[in-house]
Structure formats: C-alpha cells, structure tokens
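Novice: Before anything else, here's the structure in question.
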Amino acid sequence: MPPLARVKANAPPFLWFGFLPQKPAMAKKTAALQRLAHPATVRAFQRRLISWYRAYGRDLPWRRTRDPYAILVSEVMLQQTQVQRAMLYYDKFLQRYPTVEELARADEGEVRETWEGLGYYARARNLQRTAQKIVAEHNGRFPKRPEELIVLPGIGQYTAGAMLSFAFRRDAAILDTNAARVLTRFFALPPEQQTTSFLWTVARQVTPSGQAHLFNQAIMDLGATTCVARTPRCSVCPLRPACRSVNGEQR
Ligand code: SF4
C-alpha cells in the first residue's frame, strides 16, 4: 500500500493511480482499476453523491468548522463511537480544551475524566500525545502533509485523509466501513477486489479533484443512512440508476 504522500494533491482523479509505483502487483491492480468503470459512470457517481449530500447530508457540529484541532477531536471520538454518542461529548470536550495548546498542557487525569463515558481511553491518551507533538514539533500548527500527519499517535490513513480533506480542502481520499460498502456495492466488486488495499485505491481513483471534502462526507453519509449493511434502501438511493449491484451488471 503506497502512502498517501504518493497521491499528488491536485492531480486529476483518473491520474492518481498513475503516481503509484508500477511493481507487478501494482500493475495488476492498475489494470483492474482501468476496468473499474467508464469515466462517465464515475463522474455520475461523484455528481449524484455530492448533490444528494448537499440536499440530505447530516448537519453535524464538526462539519461546521475547518479548525483542524476540532476536526481531529471529532474524528478520534468517532473511531469507535456512534455519531449520536460522540455529539454528546464533542462540545463538552472542546469547551474544556478549546485549543491544541490547552489539551497539550492539560493534566492527563483530567483529560481522562472529560473523556469518561466514551470508552477506549487510549484514544484520549493518543489525542493528547498528538497535541503535545503538534505544540512541540510544529509550533502548534497542524501539518498539512500526509506523511507528517500519519506518524502522529492515533492517526491512521483514514484520519489523515479526513483531516486533509475536511480541514485543508486537499484532494485526499478516505475509506471507512460505510464508504467501503458503497464502493463495493456500486461497482459490484468481486470478493478478490474487496480487500482494504484495493478499496483504498478505488477510493483514491473516484475522489473528485477539488471536491474531496464534499465527496468524502457524502459517501460516508450514504453508507450510514441509505446503503446500510443489512437492508440497503435502494428505492431512495441517488446512486440507484447506475448501481451495478442493483442493476445486476457484471464486470
Ligand atoms: S442502489 Fe442500493 S446497493 Fe446501490 S449504492 Fe444505493 S443503496 Fe447501495
């Protein structure tokens, strides 16, 4: 899996995989991607998702800010917590620690106390360690390069992509379980292409240049509310006209 750094920030979406190293396994993957869908289908996928999101996207508090610190807090909370529950803690945490500097110098026991009820306390510990590193090593400013984000405690590929697209409006892809389900169903990916590695490559390919922040929220929302795990609500899905799972198309 190539690091996010290999994805040129302003590259057109269909060229993204062109920057990946052409080792034999990668060449095979690239060939599979080129067969993924006609560019018009991918454009329809992007357009339908984004216009649906503009009309029906969830109004969540962390979507009203571009403050990378607040977005990081929300993303770390959401790592193992449902949206509704995270909403109960998000404002409270930011009121107690409104800046990265305040979280960095806070007493660890108090941070734990503020986090109590969310569980998985290691997340709070990593969040504070990340805050301390940002203050100590980046002068309190969040780095905008994926390779600098991904080495911070508790920040993986997904969180780095979320930070880059939501806070910095970079053309970075994300992949969570909701997005993976939408991609798998829409493109009717066969089992051998449902690997995390391949799905990340698909996500990078279909993320539209200049609109990653909208597209990423849209695909996660559609997976959370419509293309749900057990009984997808295809009758109200904006992707239905082109969805290969619903239309029984084979690739
Ligand atoms: S049409 Fe159905 S299966 Fe296809 S993306 Fe929409 S909800 Fe998912």
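FYI, nothing fancy with the structure tokens labels: chains A, B, ... in order, residues from 1 per chain, ligands from 1 as they appear.
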Let me have all residues with an atom within 7 Å of ligand 1, counting only C-alpha atoms and all ligand atoms, laid out as a PyMOL selection string.

Specialist: chain A and resi 182+185-186+226-228+232-234+237-240+243-246

Novice: Could you work out how far atom CA of Gln79 of chain A lies from atom CA of Asn126 of chain A, giving the answer in Å with one decimal?

Specialist: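 So the two atoms, atom CA of Asn126 of chain A and atom CA of Gln79 of chain A, lie 12.3 Å apart.
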
Novice: Quick one: residues within 10 Å of Phe45 of chain A, only C-alpha atoms counted, chain neighbours fewer than 4 positions away excluded, as a ChimeraX atom specification?

Specialist: /A:39-41,49-50,183,186-187,206-207,215,219,238-243

Novice: Since we have the selection now, will you write its residues out, keeping C-alpha atoms, as an mmCIF file, in the first residue's frame?

Specialist:
```cif
data_model
loop_
_atom_site.group_PDB
_atom_site.id
_atom_site.type_symbol
_atom_site.label_atom_id
_atom_site.label_comp_id
_atom_site.auth_asym_id
_atom_site.auth_seq_id
_atom_site.Cartn_x
_atom_site.Cartn_y
_atom_site.Cartn_z
ATOM 1 C CA PRO A 39 -15.210 7.607 -16.726
ATOM 2 C CA ALA A 40 -18.793 8.779 -17.341
ATOM 3 C CA THR A 41 -20.043 6.295 -14.738
ATOM 4 C CA LEU A 49 -23.362 11.649 -4.357
ATOM 5 C CA ILE A 50 -22.440 15.304 -3.948
ATOM 6 C CA LEU A 183 -17.881 1.328 -3.293
ATOM 7 C CA PHE A 186 -21.935 0.404 -6.518
ATOM 8 C CA PHE A 187 -19.094 -1.087 -8.568
ATOM 9 C CA VAL A 206 -13.056 8.074 -7.602
ATOM 10 C CA THR A 207 -12.467 11.020 -5.249
ATOM 11 C CA PHE A 215 -17.467 13.715 -1.667
ATOM 12 C CA ILE A 219 -20.073 8.695 0.651
ATOM 13 C CA PRO A 238 -29.448 8.575 -5.544
ATOM 14 C CA LEU A 239 -26.988 6.045 -6.991
ATOM 15 C CA ARG A 240 -29.624 3.515 -7.936
ATOM 16 C CA PRO A 241 -29.767 4.298 -11.696
ATOM 17 C CA ALA A 242 -26.091 3.363 -12.115
ATOM 18 C CA CYS A 243 -25.555 0.935 -9.216
#
```

Novice: Just checking: using only C-alpha atoms, which residue out of A:Leu118, A:Ala44, A:Leu164, A:Val135 ends up closest to Asp67 of chain A?

Specialist: A:Leu164

Novice: Neighbours of Ser51 of chain A within 9 Å (only C-alpha atoms; same-chain residues fewer than 5 positions away dropped), as a PyMOL selection string?

Specialist: chain A and resi 46+56+218+238

Novice: Would you put the residues from that selection into a file with N, CA and C atoms, as a CSV table (one decimal), in the first residue's frame?

Specialist:
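out.csv written:
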```csv
chain,number,residue,atom,x,y,z
A,46,GLN,N,-19.9,10.5,-8.7
A,46,GLN,CA,-19.4,11.7,-7.9
A,46,GLN,C,-20.5,12.7,-7.9
A,56,TYR,N,-29.3,16.4,1.5
A,56,TYR,CA,-29.7,15.5,2.6
A,56,TYR,C,-28.6,15.2,3.6
A,218,ALA,N,-20.1,12.8,1.8
A,218,ALA,CA,-21.3,12.3,1.1
A,218,ALA,C,-21.3,10.7,1.1
A,238,PRO,N,-29.7,7.8,-4.3
A,238,PRO,CA,-29.4,8.6,-5.5
A,238,PRO,C,-28.6,7.8,-6.5
```

Novice: Identify which of the residues A:Glu75, A:Asp107, A:Asp221, A:Asp171 lies closest to Ser209 of chain A, counting only C-alpha atoms when measuring atom-to-atom distances.

Specialist: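 Of A:Glu75, A:Asp107, A:Asp221, A:Asp171, the one nearest Ser209 of chain A is A:Asp171, counting only C-alpha atoms.
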
Novice: I need the residues of segment 11-234 of chain A that end up classed as alpha helix (DSSP H) by DSSP on the backbone, written out as a PyMOL selection string.

Specialist: chain A and resi 24-34+39-56+68-78+83-96+100-105+108-115+122-138+146-149+157-162+177-186+196-206+212-225

Novice: Taking a cut-off of 9 Å and counting only C-alpha atoms, can you build a table that, for each residue of segment 60-79 of chain A near segment 84-95 of chain A, reports the nearest atom pair and how far apart they are in Å (one decimal), sorted by chain then residue number, as CSV?

Specialist:
```
residue,atom,partner,partner_atom,distance
A:Leu60,CA,A:Met87,CA,7.9
A:Pro61,CA,A:Met87,CA,7.5
A:Trp62,CA,A:Tyr90,CA,8.3
A:Ala70,CA,A:Leu94,CA,7.3
A:Val73,CA,A:Tyr90,CA,7.4
A:Ser74,CA,A:Tyr90,CA,6.5
A:Met77,CA,A:Ala86,CA,5.9
A:Leu78,CA,A:Ala86,CA,6.3
```

Novice: Let me make sure I understand: among A:Gln82, A:Thr231, A:Gln128, A:Gln157, which one has the smallest atom-to-atom distance to Arg204 of chain A if we use only C-alpha atoms?

Specialist: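 Closest candidate: A:Gln157.
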
Novice: Hey, what's within 12 Å of Lys133 of chain A if we count only C-alpha atoms and toss same-chain stuff fewer than 6 positions away? As a list of chain:residue names, please?

Specialist: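 Listed by chain and then number, they are A:Val100, A:Glu101, A:Leu103, A:Ala104, A:Arg105, A:Asn126, A:Leu127, A:Asn139, A:Gly140, A:Arg141, A:Phe142, A:Pro143, A:Glu148, A:Leu149, A:Val151, A:Leu152, A:Pro153.
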
Novice: Between atom CA of Gln194 of chain A and atom CA of Ala179 of chain A, what is the spacing in Å?

Specialist: 12.1 Å

Novice: Skip segment 165-168 of chain A itself and residues of its chain fewer than 4 positions away, then list as a PyMOL selection string all residues within 9 Å of it, counting only C-alpha atoms.

Specialist: chain A and resi 63+65-69+71+144+160-161+172-174+211-214+216-217

Novice: Write to file, as a short mmCIF file (atom, residue, chain, number, x, y, z; two decimals), in the first residue's frame, the residues of the selection just made, with N, CA and C atoms.

Specialist:
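Output (again.cif):
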```cif
data_model
loop_
_atom_site.label_atom_id
_atom_site.label_comp_id
_atom_site.auth_asym_id
_atom_site.auth_seq_id
_atom_site.Cartn_x
_atom_site.Cartn_y
_atom_site.Cartn_z
N ARG A 63 -18.96 19.44 11.23
CA ARG A 63 -18.97 19.83 9.82
C ARG A 63 -19.13 21.34 9.66
N THR A 65 -17.07 23.46 11.04
CA THR A 65 -15.77 24.08 11.31
C THR A 65 -14.70 23.56 10.35
N ARG A 66 -13.67 24.38 10.17
CA ARG A 66 -12.49 23.91 9.44
C ARG A 66 -11.27 23.93 10.35
N ASP A 67 -11.52 24.07 11.64
CA ASP A 67 -10.42 24.06 12.62
C ASP A 67 -9.86 22.63 12.70
N PRO A 68 -8.62 22.42 12.28
CA PRO A 68 -8.09 21.05 12.26
C PRO A 68 -8.10 20.38 13.62
N TYR A 69 -7.93 21.18 14.68
CA TYR A 69 -7.95 20.58 16.02
C TYR A 69 -9.35 20.04 16.34
N ILE A 71 -11.65 19.20 14.26
CA ILE A 71 -11.93 18.07 13.36
C ILE A 71 -11.21 16.82 13.85
N LYS A 144 0.24 19.88 7.15
CA LYS A 144 -0.69 19.65 6.04
C LYS A 144 -0.21 18.56 5.09
N ALA A 160 -5.98 10.77 8.62
CA ALA A 160 -5.16 11.71 7.84
C ALA A 160 -5.96 12.23 6.65
N GLY A 161 -6.66 11.32 5.96
CA GLY A 161 -7.47 11.74 4.80
C GLY A 161 -8.58 12.68 5.22
N ALA A 172 -7.66 14.49 -0.79
CA ALA A 172 -7.28 13.24 -0.13
C ALA A 172 -8.51 12.34 -0.01
N ALA A 173 -8.29 11.06 -0.24
CA ALA A 173 -9.38 10.10 -0.13
C ALA A 173 -9.54 9.63 1.31
N ILE A 174 -10.71 9.09 1.60
CA ILE A 174 -10.94 8.42 2.89
C ILE A 174 -11.54 7.03 2.59
N GLN A 211 -13.17 18.57 -4.80
CA GLN A 211 -14.41 18.38 -4.07
C GLN A 211 -14.32 17.22 -3.07
N ALA A 212 -13.10 16.88 -2.69
CA ALA A 212 -12.93 15.73 -1.80
C ALA A 212 -13.67 15.93 -0.48
N HIS A 213 -13.69 17.18 0.04
CA HIS A 213 -14.34 17.41 1.32
C HIS A 213 -15.83 17.10 1.26
N LEU A 214 -16.48 17.40 0.12
CA LEU A 214 -17.90 17.09 -0.02
C LEU A 214 -18.11 15.61 -0.33
N ASN A 216 -16.23 13.02 0.31
CA ASN A 216 -15.93 12.13 1.43
C ASN A 216 -17.06 12.11 2.46
N GLN A 217 -17.61 13.29 2.76
CA GLN A 217 -18.73 13.33 3.70
C GLN A 217 -19.93 12.61 3.08
#
```
